[in-house]
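K.L.:
Got structure-v9.pdb for you, PDB, C-alpha atoms:
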ATOM      1  CA  MET A   1       0.000   0.000   0.000  1.00  0.00           C
ATOM      2  CA  ARG A   2       2.994   2.293   0.202  1.00  0.00           C
ATOM      3  CA  SER A   3       4.450   1.975  -3.254  1.00  0.00           C
ATOM      4  CA  LEU A   4       4.577   4.357  -6.177  1.00  0.00           C
ATOM      5  CA  ALA A   5       2.131   2.086  -7.965  1.00  0.00           C
ATOM      6  CA  LEU A   6      -0.514   2.937  -5.371  1.00  0.00           C
ATOM      7  CA  PHE A   7      -0.088   6.677  -5.880  1.00  0.00           C
ATOM      8  CA  LEU A   8      -0.801   6.414  -9.583  1.00  0.00           C
ATOM      9  CA  ALA A   9      -3.441   3.687  -9.501  1.00  0.00           C
ATOM     10  CA  VAL A  10      -6.168   5.358  -7.414  1.00  0.00           C
ATOM     11  CA  LEU A  11      -8.973   6.388  -9.774  1.00  0.00           C
ATOM     12  CA  LEU A  12     -12.216   8.151  -8.871  1.00  0.00           C
ATOM     13  CA  ILE A  13     -15.185   8.062 -11.254  1.00  0.00           C
ATOM     14  CA  VAL A  14     -16.611  11.553 -11.581  1.00  0.00           C
ATOM     15  CA  VAL A  15     -20.279  10.893 -12.355  1.00  0.00           C
ATOM     16  CA  PRO A  16     -21.350  14.412 -13.452  1.00  0.00           C
ATOM     17  CA  GLY A  17     -18.751  14.542 -16.194  1.00  0.00           C
ATOM     18  CA  LEU A  18     -18.762  10.809 -16.939  1.00  0.00           C
ATOM     19  CA  ALA A  19     -14.950  11.025 -16.836  1.00  0.00           C
ATOM     20  CA  LEU A  20     -12.125   9.525 -14.864  1.00  0.00           C
ATOM     21  CA  ALA A  21     -10.091  11.795 -12.598  1.00  0.00           C
ATOM     22  CA  LEU A  22      -6.681  10.534 -11.573  1.00  0.00           C
ATOM     23  CA  THR A  23      -5.903  11.125  -7.912  1.00  0.00           C
ATOM     24  CA  VAL A  24      -2.294  11.337  -6.871  1.00  0.00           C
ATOM     25  CA  GLY A  25      -1.532  11.320  -3.171  1.00  0.00           C
ATOM     26  CA  GLY A  26      -5.086  12.263  -2.258  1.00  0.00           C
ATOM     27  CA  ALA A  27      -5.371  15.136  -4.730  1.00  0.00           C
ATOM     28  CA  GLU A  28      -6.978  15.728  -8.105  1.00  0.00           C
ATOM     29  CA  PRO A  29      -4.911  17.604 -10.723  1.00  0.00           C
ATOM     30  CA  ALA A  30      -5.845  21.130 -11.746  1.00  0.00           C
ATOM     31  CA  SER A  31      -5.101  23.233 -14.784  1.00  0.00           C
ATOM     32  CA  PRO A  32      -1.870  25.278 -14.577  1.00  0.00           C
ATOM     33  CA  GLY A  33      -2.009  28.715 -13.016  1.00  0.00           C
ATOM     34  CA  GLY A  34      -0.218  30.998 -10.610  1.00  0.00           C
ATOM     35  CA  GLU A  35      -0.955  33.497  -7.916  1.00  0.00           C
ATOM     36  CA  ALA A  36       1.079  36.055  -6.019  1.00  0.00           C
ATOM     37  CA  ILE A  37       1.308  35.648  -2.246  1.00  0.00           C
ATOM     38  CA  PRO A  38      -0.133  38.615  -0.332  1.00  0.00           C
ATOM     39  CA  THR A  39       1.585  39.786   2.827  1.00  0.00           C
ATOM     40  CA  ASP A  40      -0.242  40.020   6.118  1.00  0.00           C
ATOM     41  CA  ALA A  41       0.440  40.863   9.739  1.00  0.00           C
ATOM     42  CA  PRO A  42       2.503  38.329  11.715  1.00  0.00           C
ATOM     43  CA  ARG A  43       0.763  36.194  14.327  1.00  0.00           C
ATOM     44  CA  GLU A  44       2.868  35.366  17.374  1.00  0.00           C
ATOM     45  CA  GLU A  45       6.473  35.045  16.233  1.00  0.00           C
ATOM     46  CA  TYR A  46       7.314  33.427  12.919  1.00  0.00           C
ATOM     47  CA  ILE A  47       9.431  30.324  13.488  1.00  0.00           C
ATOM     48  CA  GLU A  48       9.747  28.590  10.122  1.00  0.00           C
ATOM     49  CA  GLY A  49       7.774  27.617   7.040  1.00  0.00           C
ATOM     50  CA  TRP A  50       7.422  25.375   4.015  1.00  0.00           C
ATOM     51  CA  ASN A  51       7.765  27.197   0.674  1.00  0.00           C
ATOM     52  CA  ASP A  52       6.062  30.271   2.124  1.00  0.00           C
ATOM     53  CA  GLY A  53       8.237  32.591   0.073  1.00  0.00           C
ATOM     54  CA  GLN A  54       7.451  30.842  -3.224  1.00  0.00           C
ATOM     55  CA  PRO A  55       4.713  31.678  -5.775  1.00  0.00           C
ATOM     56  CA  TYR A  56       1.435  29.948  -4.929  1.00  0.00           C
ATOM     57  CA  GLU A  57       0.164  27.496  -7.525  1.00  0.00           C
ATOM     58  CA  PRO A  58      -2.212  24.701  -6.485  1.00  0.00           C
ATOM     59  CA  TRP A  59      -1.340  21.341  -8.007  1.00  0.00           C
ATOM     60  CA  GLY A  60      -5.015  20.438  -7.842  1.00  0.00           C
ATOM     61  CA  GLN A  61      -7.921  20.025  -5.426  1.00  0.00           C
ATOM     62  CA  TYR A  62      -8.145  17.894  -2.304  1.00  0.00           C
ATOM     63  CA  ALA A  63      -9.720  14.488  -2.934  1.00  0.00           C
ATOM     64  CA  ALA A  64      -8.707  12.911   0.381  1.00  0.00           C
ATOM     65  CA  GLU A  65     -10.097  14.222   3.654  1.00  0.00           C
ATOM     66  CA  CYS A  66      -6.873  14.299   5.697  1.00  0.00           C
ATOM     67  CA  PHE A  67      -3.195  14.910   5.016  1.00  0.00           C
ATOM     68  CA  GLY A  68      -0.323  14.199   7.388  1.00  0.00           C
ATOM     69  CA  PHE A  69       3.192  15.614   7.498  1.00  0.00           C
ATOM     70  CA  ALA A  70       6.243  14.486   9.434  1.00  0.00           C
ATOM     71  CA  TYR A  71       7.635  17.542  11.220  1.00  0.00           C
ATOM     72  CA  VAL A  72      11.054  17.875  12.860  1.00  0.00           C
ATOM     73  CA  PRO A  73      11.499  21.347  14.423  1.00  0.00           C
ATOM     74  CA  SER A  74      14.714  23.143  13.556  1.00  0.00           C
ATOM     75  CA  THR A  75      14.649  24.777  17.003  1.00  0.00           C
ATOM     76  CA  SER A  76      12.928  24.232  20.344  1.00  0.00           C
ATOM     77  CA  PHE A  77       9.897  26.487  20.875  1.00  0.00           C
ATOM     78  CA  ALA A  78       6.282  26.703  22.014  1.00  0.00           C
ATOM     79  CA  PHE A  79       4.245  25.688  18.932  1.00  0.00           C
ATOM     80  CA  GLU A  80       1.275  28.077  18.918  1.00  0.00           C
ATOM     81  CA  ARG A  81      -0.055  28.390  15.396  1.00  0.00           C
ATOM     82  CA  ILE A  82       0.145  26.906  11.898  1.00  0.00           C
ATOM     83  CA  GLU A  83      -1.240  28.381   8.685  1.00  0.00           C
ATOM     84  CA  PHE A  84      -1.759  26.819   5.271  1.00  0.00           C
ATOM     85  CA  TYR A  85      -2.331  28.733   2.042  1.00  0.00           C
ATOM     86  CA  ALA A  86      -6.014  27.930   1.544  1.00  0.00           C
ATOM     87  CA  GLY A  87      -8.887  28.884  -0.738  1.00  0.00           C
ATOM     88  CA  GLY A  88     -11.111  27.920  -3.623  1.00  0.00           C
ATOM     89  CA  VAL A  89     -13.797  26.328  -1.450  1.00  0.00           C
ATOM     90  CA  GLY A  90     -14.533  27.396   2.115  1.00  0.00           C
ATOM     91  CA  GLY A  91     -15.511  25.179   5.022  1.00  0.00           C
ATOM     92  CA  SER A  92     -14.558  23.648   8.341  1.00  0.00           C
ATOM     93  CA  VAL A  93     -11.027  22.277   8.813  1.00  0.00           C
ATOM     94  CA  ALA A  94      -8.983  20.924  11.706  1.00  0.00           C
ATOM     95  CA  VAL A  95      -5.253  20.890  12.397  1.00  0.00           C
ATOM     96  CA  SER A  96      -3.572  18.697  15.014  1.00  0.00           C
ATOM     97  CA  LEU A  97      -0.049  18.207  16.327  1.00  0.00           C
ATOM     98  CA  LEU A  98       0.722  14.591  17.216  1.00  0.00           C
ATOM     99  CA  GLU A  99       3.488  12.624  18.868  1.00  0.00           C
ATOM    100  CA  ASP A 100       5.365  10.044  16.824  1.00  0.00           C
ATOM    101  CA  ASP A 101       4.238   6.504  17.690  1.00  0.00           C
ATOM    102  CA  GLY A 102       6.702   4.777  15.374  1.00  0.00           C
ATOM    103  CA  SER A 103       4.074   3.862  12.740  1.00  0.00           C
ATOM    104  CA  GLY A 104       5.448   6.252  10.120  1.00  0.00           C
ATOM    105  CA  ALA A 105       2.029   7.954   9.893  1.00  0.00           C
ATOM    106  CA  PRO A 106       0.096  10.565  11.919  1.00  0.00           C
ATOM    107  CA  THR A 107      -1.507   8.062  14.313  1.00  0.00           C
ATOM    108  CA  GLY A 108       0.205   8.965  17.610  1.00  0.00           C
ATOM    109  CA  PRO A 109      -1.257  10.746  20.652  1.00  0.00           C
ATOM    110  CA  VAL A 110      -2.714  14.187  19.892  1.00  0.00           C
ATOM    111  CA  LEU A 111      -0.792  16.948  21.691  1.00  0.00           C
ATOM    112  CA  ALA A 112      -3.001  19.834  20.534  1.00  0.00           C
ATOM    113  CA  THR A 113      -5.715  20.513  17.984  1.00  0.00           C
ATOM    114  CA  VAL A 114      -7.808  23.340  16.594  1.00  0.00           C
ATOM    115  CA  SER A 115     -10.878  23.561  14.352  1.00  0.00           C
ATOM    116  CA  TYR A 116     -11.748  26.662  12.357  1.00  0.00           C
ATOM    117  CA  THR A 117     -13.483  27.804   9.182  1.00  0.00           C
ATOM    118  CA  GLU A 118     -11.439  28.519   6.069  1.00  0.00           C
ATOM    119  CA  SER A 119     -12.575  31.114   3.548  1.00  0.00           C
ATOM    120  CA  ALA A 120     -12.937  30.491  -0.177  1.00  0.00           C
ATOM    121  CA  THR A 121     -10.740  33.578  -0.686  1.00  0.00           C
ATOM    122  CA  HIS A 122      -7.135  32.544  -1.258  1.00  0.00           C
ATOM    123  CA  GLY A 123      -4.656  33.487   1.446  1.00  0.00           C
ATOM    124  CA  TRP A 124      -2.805  32.317   4.528  1.00  0.00           C
ATOM    125  CA  GLN A 125      -5.376  30.855   6.879  1.00  0.00           C
ATOM    126  CA  GLY A 126      -5.019  29.216  10.270  1.00  0.00           C
ATOM    127  CA  GLU A 127      -5.744  29.393  13.971  1.00  0.00           C
ATOM    128  CA  ASN A 128      -3.953  28.958  17.288  1.00  0.00           C
ATOM    129  CA  LEU A 129      -3.522  25.441  18.638  1.00  0.00           C
ATOM    130  CA  VAL A 130      -5.096  24.679  21.995  1.00  0.00           C
ATOM    131  CA  PRO A 131      -3.050  24.233  24.033  1.00  0.00           C
ATOM    132  CA  ALA A 132       0.262  25.575  22.772  1.00  0.00           C
ATOM    133  CA  VAL A 133       2.815  22.747  22.829  1.00  0.00           C
ATOM    134  CA  TYR A 134       6.515  22.940  23.584  1.00  0.00           C
ATOM    135  CA  VAL A 135       8.370  21.054  20.851  1.00  0.00           C
ATOM    136  CA  THR A 136      12.002  19.983  20.945  1.00  0.00           C
ATOM    137  CA  GLU A 137      14.561  20.552  18.213  1.00  0.00           C
ATOM    138  CA  GLY A 138      15.323  17.391  16.257  1.00  0.00           C
ATOM    139  CA  THR A 139      12.332  15.427  17.594  1.00  0.00           C
ATOM    140  CA  LEU A 140       9.838  13.873  15.163  1.00  0.00           C
ATOM    141  CA  TYR A 141       6.214  15.032  15.372  1.00  0.00           C
ATOM    142  CA  TYR A 142       3.297  14.839  12.930  1.00  0.00           C
ATOM    143  CA  ILE A 143       0.951  17.542  11.686  1.00  0.00           C
ATOM    144  CA  LYS A 144      -2.506  16.346  10.610  1.00  0.00           C
ATOM    145  CA  TYR A 145      -4.561  18.639   8.348  1.00  0.00           C
ATOM    146  CA  GLN A 146      -8.242  17.763   7.870  1.00  0.00           C
ATOM    147  CA  VAL A 147      -9.094  19.752   4.757  1.00  0.00           C
ATOM    148  CA  VAL A 148     -12.124  20.957   2.816  1.00  0.00           C
ATOM    149  CA  VAL A 149     -12.517  18.311   0.098  1.00  0.00           C
ATOM    150  CA  GLY A 150     -12.573  20.063  -3.276  1.00  0.00           C
ATOM    151  CA  ALA A 151     -10.623  23.118  -2.076  1.00  0.00           C
ATOM    152  CA  ASP A 152      -7.394  24.134  -3.798  1.00  0.00           C
ATOM    153  CA  MET A 153      -4.229  22.537  -2.486  1.00  0.00           C
ATOM    154  CA  ALA A 154      -1.705  24.479  -0.405  1.00  0.00           C
ATOM    155  CA  THR A 155       1.139  24.007  -2.879  1.00  0.00           C
ATOM    156  CA  ALA A 156       3.745  26.250  -4.487  1.00  0.00           C
ATOM    157  CA  ALA A 157       4.978  26.540  -8.051  1.00  0.00           C
ATOM    158  CA  SER A 158       8.573  26.035  -6.902  1.00  0.00           C
ATOM    159  CA  GLY A 159      10.557  25.231  -3.807  1.00  0.00           C
ATOM    160  CA  VAL A 160      11.134  22.155  -1.655  1.00  0.00           C
ATOM    161  CA  ILE A 161       9.059  18.971  -1.849  1.00  0.00           C
ATOM    162  CA  ILE A 162       7.434  18.121   1.503  1.00  0.00           C
ATOM    163  CA  PRO A 163       6.502  14.414   1.869  1.00  0.00           C
ATOM    164  CA  HIS A 164       2.956  13.625   3.020  1.00  0.00           C
ATOM    165  CA  ASP A 165       0.553  10.825   3.886  1.00  0.00           C
ATOM    166  CA  TRP A 166      -3.129  10.955   2.968  1.00  0.00           C
ATOM    167  CA  SER A 167      -6.358   9.410   4.204  1.00  0.00           C
ATOM    168  CA  PHE A 168      -9.865   9.293   2.751  1.00  0.00           C
ATOM    169  CA  ASP A 169     -11.388   8.730   6.203  1.00  0.00           C
ATOM    170  CA  CYS A 170      -8.747  10.296   8.534  1.00  0.00           C
ATOM    171  CA  VAL A 171      -8.165   6.848  10.053  1.00  0.00           C
ATOM    172  CA  THR A 172      -6.475   4.610   7.444  1.00  0.00           C
ATOM    173  CA  TRP A 173      -3.378   6.226   5.954  1.00  0.00           C
ATOM    174  CA  ASP A 174      -1.578   5.770   2.643  1.00  0.00           C
ATOM    175  CA  GLY A 175       1.787   7.108   1.576  1.00  0.00           C
ATOM    176  CA  PRO A 176       4.202   8.604   1.899  1.00  0.00           C
ATOM    177  CA  GLY A 177       4.049  10.662  -1.269  1.00  0.00           C
ATOM    178  CA  SER A 178       6.960  12.886  -2.239  1.00  0.00           C
ATOM    179  CA  TYR A 179       5.892  15.096  -5.111  1.00  0.00           C
ATOM    180  CA  PHE A 180       4.148  18.265  -3.782  1.00  0.00           C
ATOM    181  CA  ARG A 181       5.685  21.558  -2.661  1.00  0.00           C
ATOM    182  CA  TRP A 182       3.408  22.106   0.331  1.00  0.00           C
ATOM    183  CA  MET A 183       3.051  25.592   1.809  1.00  0.00           C
ATOM    184  CA  ALA A 184       2.753  26.298   5.524  1.00  0.00           C
ATOM    185  CA  ARG A 185       3.828  28.833   8.148  1.00  0.00           C
ATOM    186  CA  ILE A 186       4.534  27.990  11.778  1.00  0.00           C
ATOM    187  CA  TYR A 187       4.380  30.519  14.628  1.00  0.00           C
ATOM    188  CA  GLY A 188       5.247  30.300  18.305  1.00  0.00           C
ATOM    189  CA  SER A 189       7.399  31.486  21.179  1.00  0.00           C
ATOM    190  CA  PRO A 190      11.124  30.745  20.886  1.00  0.00           C
ATOM    191  CA  GLN A 191      12.855  28.912  23.701  1.00  0.00           C
ATOM    192  CA  THR A 192      14.711  32.051  24.804  1.00  0.00           C
ATOM    193  CA  SER A 193      11.412  33.910  25.219  1.00  0.00           C
ATOM    194  CA  ILE A 194       9.942  31.034  27.209  1.00  0.00           C
ATOM    195  CA  GLU A 195      12.960  30.860  29.507  1.00  0.00           C
ATOM    196  CA  SER A 196      12.951  34.624  30.057  1.00  0.00           C
ATOM    197  CA  MET A 197       9.250  34.688  30.852  1.00  0.00           C
ATOM    198  CA  THR A 198       9.543  31.759  33.230  1.00  0.00           C
ATOM    199  CA  TRP A 199      12.504  33.259  35.089  1.00  0.00           C
ATOM    200  CA  SER A 200      10.712  36.605  35.418  1.00  0.00           C
ATOM    201  CA  THR A 201       7.678  34.843  36.814  1.00  0.00           C
ATOM    202  CA  ILE A 202       9.785  32.982  39.372  1.00  0.00           C
ATOM    203  CA  LYS A 203      11.567  36.153  40.519  1.00  0.00           C
ATOM    204  CA  GLY A 204       8.212  37.885  40.899  1.00  0.00           C
ATOM    205  CA  LEU A 205       7.079  35.288  43.411  1.00  0.00           C
ATOM    206  CA  PHE A 206       9.848  36.282  45.829  1.00  0.00           C
ATOM    207  CA  ARG A 207       9.471  40.057  45.657  1.00  0.00           C
TER
END
Show this structure as structure tokens.
P.N.:
Amino acid sequence: MRSLALFLAVLLIVVPGLALALTVGGAEPASPGGEAIPTDAPREEYIEGWNDGQPYEPWGQYAAECFGFAYVPSTSFAFERIEFYAGGVGGSVAVSLLEDDGSGAPTGPVLATVSYTESATHGWQGENLVPAVYVTEGTLYYIKYQVVVGADMATAASGVIIPHDWSFDCVTWDGPGSYFRWMARIYGSPQTSIESMTWSTIKGLFR
């Protein structure tokens, strides 16, 4: 179930058009196009991102309901918020941060999660995780993104390929697939800020 043959063999019959739509890694291809990335105000402190400085160009639309990404922080920090470049179709989504359980898929214990409504208007969209989670540099975690099926993918025209798993029911996972330049931004509080705040709080108790 985790071979390249699986990625290219999943076919969905699209009844309205009486045509076959090839799904690759839980997505349906779209016609070529491009879109500039608008700037917006920072939320918390920017930590790192996936292809967030590249031109936005959706590879297609979501066919699977959930996508999962292995995530290894480049620094230790309090993970507070993640945003994907979303649009095309609006609706309810959910994002979760999970521990690694050794399965190679996002099936470990949930550390934090958030549900919110995405707009059909293209742009960076997200919400704060509840609770914020302290993550450790070099440790493997998973990010699970329950999407709006039919919405445009959060992918860039160029940049770095980010491997992913996909699930049509958010329970049984396929993958990994390594062919999309996913776009995401991660925000939080750096370790130095956390240590400073904690030390200030401790000193305040003895004044």
K.L.:
Which of these, A:Ile82, A:Ala64, A:Val93, A:Val135, has the shortest distance to Glu48 in chain A once you count only C-alpha atoms?
P.N.:
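Using only C-alpha atoms, Glu48 in chain A sits closest to A:Ile82.
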K.L.:
Let me make sure I understand: among A:Ala156, A:Ala151, A:Ile143, A:Ile186, which one has the smallest atom-to-atom distance to Ala27 in chain A if we use all atoms listed in the file?
P.N.:
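Among A:Ala156, A:Ala151, A:Ile143, A:Ile186, it is A:Ala151 that comes nearest to Ala27 in chain A.
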K.L.:
Applied to the shown file, which residues does the PyMOL selection byres ((chain A and resi 122) around 7) return, written as a PDB file with C-alpha atoms, in the frame of the given file?
P.N.:
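What follows is the written file result-v8.pdb:
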ATOM      1  CA  TYR A  85      -2.331  28.733   2.042  1.00  0.00           C
ATOM      2  CA  ALA A  86      -6.014  27.930   1.544  1.00  0.00           C
ATOM      3  CA  GLY A  87      -8.887  28.884  -0.738  1.00  0.00           C
ATOM      4  CA  GLY A  88     -11.111  27.920  -3.623  1.00  0.00           C
ATOM      5  CA  ALA A 120     -12.937  30.491  -0.177  1.00  0.00           C
ATOM      6  CA  THR A 121     -10.740  33.578  -0.686  1.00  0.00           C
ATOM      7  CA  GLY A 123      -4.656  33.487   1.446  1.00  0.00           C
TER       8      GLY A 123
END
K.L.:
With all atoms listed in the file as the atoms that count, which of A:Tyr46, A:Tyr141, A:Phe67, A:Tyr116 lies nearest to Trp182 in chain A?
P.N.:
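Selected residue with least distance to Trp182 in chain A: A:Phe67.
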K.L.:
Check which residues of range 45-102 of chain A sit at most 10 Å from range 159-173 of chain A using all atoms listed in the file, and return one row each with the closest pair of atoms and their distance in Å to one decimal, ordered by chain and rising number, as a Markdown table.
P.N.:
| residue | atom | partner | partner_atom | distance |
| --- | --- | --- | --- | --- |
| A:Trp50 | CA | A:Val160 | CA | 7.5 |
| A:Asn51 | CA | A:Gly159 | CA | 5.6 |
| A:Asp52 | CA | A:Gly159 | CA | 9.0 |
| A:Gly53 | CA | A:Gly159 | CA | 8.6 |
| A:Gln54 | CA | A:Gly159 | CA | 6.4 |
| A:Pro55 | CA | A:Gly159 | CA | 8.9 |
| A:Ala63 | CA | A:Phe168 | CA | 7.7 |
| A:Ala64 | CA | A:Phe168 | CA | 4.5 |
| A:Glu65 | CA | A:Phe168 | CA | 5.0 |
| A:Cys66 | CA | A:Ser167 | CA | 5.1 |
| A:Phe67 | CA | A:Trp166 | CA | 4.5 |
| A:Gly68 | CA | A:Asp165 | CA | 4.9 |
| A:Phe69 | CA | A:His164 | CA | 4.9 |
| A:Ala70 | CA | A:His164 | CA | 7.3 |
| A:Tyr71 | CA | A:Ile162 | CA | 9.7 |
K.L.:
Include C-alpha atoms and write out the residues we just selected as a short mmCIF file (atom, residue, chain, number, x, y, z; two decimals), in the frame of the given file.
P.N.:
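The result, stored in selection.cif:
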data_model
loop_
_atom_site.label_atom_id
_atom_site.label_comp_id
_atom_site.auth_asym_id
_atom_site.auth_seq_id
_atom_site.Cartn_x
_atom_site.Cartn_y
_atom_site.Cartn_z
CA TRP A 50 7.42 25.38 4.01
CA ASN A 51 7.76 27.20 0.67
CA ASP A 52 6.06 30.27 2.12
CA GLY A 53 8.24 32.59 0.07
CA GLN A 54 7.45 30.84 -3.22
CA PRO A 55 4.71 31.68 -5.78
CA ALA A 63 -9.72 14.49 -2.93
CA ALA A 64 -8.71 12.91 0.38
CA GLU A 65 -10.10 14.22 3.65
CA CYS A 66 -6.87 14.30 5.70
CA PHE A 67 -3.20 14.91 5.02
CA GLY A 68 -0.32 14.20 7.39
CA PHE A 69 3.19 15.61 7.50
CA ALA A 70 6.24 14.49 9.43
CA TYR A 71 7.64 17.54 11.22
#
K.L.:
Find, counting all atoms listed in the file, the residue in A:Val148, A:Met153, A:Val133, A:Ala78 that gets nearest to Pro58 in chain A.
P.N.:
A:Met153
K.L.:
Show me the residues around (11.0, 17.7, 20.1) - criterion: an atom at most 12 Å away, all atoms listed in the file counted - as a list in words.
P.N.:
Tyr71, Val72, Pro73, Ser74, Thr75, Ser76, Phe77, Ala78, Phe79, Leu97, Leu98, Glu99, Asp100, Leu111, Val133, Tyr134, Val135, Thr136, Glu137, Gly138, Thr139, Leu140, Tyr141, Tyr142 and Gln191 of chain A
K.L.:
Which distance in Å separates CA of Pro131 in chain A and CA of Glu80 in chain A, to one decimal?
P.N.:
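So the two atoms, CA of Pro131 in chain A and CA of Glu80 in chain A, lie 7.7 Å apart.
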K.L.:
Could you tell me how far CA of Gly177 in chain A lies from CA of Ser103 in chain A, in Å and to one decimal?
P.N.:
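Taking CA of Gly177 in chain A as the start and CA of Ser103 in chain A as the end point, the length is 15.6 Å.
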K.L.:
What does the distance between CA of Lys144 in chain A and CA of Val114 in chain A come to in Å, to one decimal place?
P.N.:
10.6 Å
K.L.:
Which polymer residues have any atom within 8 Å of an atom of Glu44 in chain A, counting all atoms listed in the file, with same-chain residues fewer than 3 positions away left out, as a list in words?
P.N.:
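Listing them by chain and then by number gives Glu80, Arg81, Tyr187, Gly188 and Ser189 of chain A.
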K.L.:
Just checking: using all atoms listed in the file, which residue out of A:Met183, A:Val89, A:Val110, A:Ala132 ends up closest to Val147 in chain A?
P.N.:
A:Val89
K.L.:
Determine the nearest neighbour of Tyr179 in chain A from the options A:Ile47, A:Val95, A:Thr113, A:Trp59, counting all atoms listed in the file.
P.N.:
A:Trp59
K.L.:
When you get a chance, write out N, CA and C atoms for range 66-80 of chain A, as a PDB file, in the coordinates of the input.
P.N.:
ATOM      1  N   CYS A  66      -7.944  13.927   4.773  1.00  0.00           N
ATOM      2  CA  CYS A  66      -6.873  14.299   5.697  1.00  0.00           C
ATOM      3  C   CYS A  66      -5.502  14.114   5.066  1.00  0.00           C
ATOM      4  N   PHE A  67      -4.579  14.997   5.446  1.00  0.00           N
ATOM      5  CA  PHE A  67      -3.195  14.910   5.016  1.00  0.00           C
ATOM      6  C   PHE A  67      -2.309  14.986   6.260  1.00  0.00           C
ATOM      7  N   GLY A  68      -1.220  14.230   6.242  1.00  0.00           N
ATOM      8  CA  GLY A  68      -0.323  14.199   7.388  1.00  0.00           C
ATOM      9  C   GLY A  68       1.103  14.469   6.976  1.00  0.00           C
ATOM     10  N   PHE A  69       1.819  15.207   7.808  1.00  0.00           N
ATOM     11  CA  PHE A  69       3.192  15.614   7.498  1.00  0.00           C
ATOM     12  C   PHE A  69       4.100  15.310   8.681  1.00  0.00           C
ATOM     13  N   ALA A  70       5.208  14.636   8.414  1.00  0.00           N
ATOM     14  CA  ALA A  70       6.243  14.486   9.434  1.00  0.00           C
ATOM     15  C   ALA A  70       6.883  15.854   9.642  1.00  0.00           C
ATOM     16  N   TYR A  71       7.086  16.219  10.910  1.00  0.00           N
ATOM     17  CA  TYR A  71       7.635  17.542  11.220  1.00  0.00           C
ATOM     18  C   TYR A  71       8.719  17.412  12.279  1.00  0.00           C
ATOM     19  N   VAL A  72       9.926  17.865  11.934  1.00  0.00           N
ATOM     20  CA  VAL A  72      11.054  17.875  12.860  1.00  0.00           C
ATOM     21  C   VAL A  72      11.470  19.332  13.058  1.00  0.00           C
ATOM     22  N   PRO A  73      11.172  19.933  14.205  1.00  0.00           N
ATOM     23  CA  PRO A  73      11.499  21.347  14.423  1.00  0.00           C
ATOM     24  C   PRO A  73      12.992  21.616  14.287  1.00  0.00           C
ATOM     25  N   SER A  74      13.316  22.750  13.689  1.00  0.00           N
ATOM     26  CA  SER A  74      14.714  23.143  13.556  1.00  0.00           C
ATOM     27  C   SER A  74      15.222  23.843  14.808  1.00  0.00           C
ATOM     28  N   THR A  75      14.305  24.151  15.730  1.00  0.00           N
ATOM     29  CA  THR A  75      14.649  24.777  17.003  1.00  0.00           C
ATOM     30  C   THR A  75      13.604  24.372  18.027  1.00  0.00           C
ATOM     31  N   SER A  76      13.900  24.528  19.289  1.00  0.00           N
ATOM     32  CA  SER A  76      12.928  24.232  20.344  1.00  0.00           C
ATOM     33  C   SER A  76      12.092  25.489  20.605  1.00  0.00           C
ATOM     34  N   PHE A  77      10.774  25.330  20.677  1.00  0.00           N
ATOM     35  CA  PHE A  77       9.897  26.487  20.875  1.00  0.00           C
ATOM     36  C   PHE A  77       8.503  26.028  21.301  1.00  0.00           C
ATOM     37  N   ALA A  78       7.682  26.984  21.711  1.00  0.00           N
ATOM     38  CA  ALA A  78       6.282  26.703  22.014  1.00  0.00           C
ATOM     39  C   ALA A  78       5.488  26.839  20.718  1.00  0.00           C
ATOM     40  N   PHE A  79       4.996  25.732  20.194  1.00  0.00           N
ATOM     41  CA  PHE A  79       4.245  25.688  18.932  1.00  0.00           C
ATOM     42  C   PHE A  79       2.843  26.242  19.209  1.00  0.00           C
ATOM     43  N   GLU A  80       2.527  27.401  18.608  1.00  0.00           N
ATOM     44  CA  GLU A  80       1.275  28.077  18.918  1.00  0.00           C
ATOM     45  C   GLU A  80       0.303  28.152  17.741  1.00  0.00           C
TER      46      GLU A  80
END
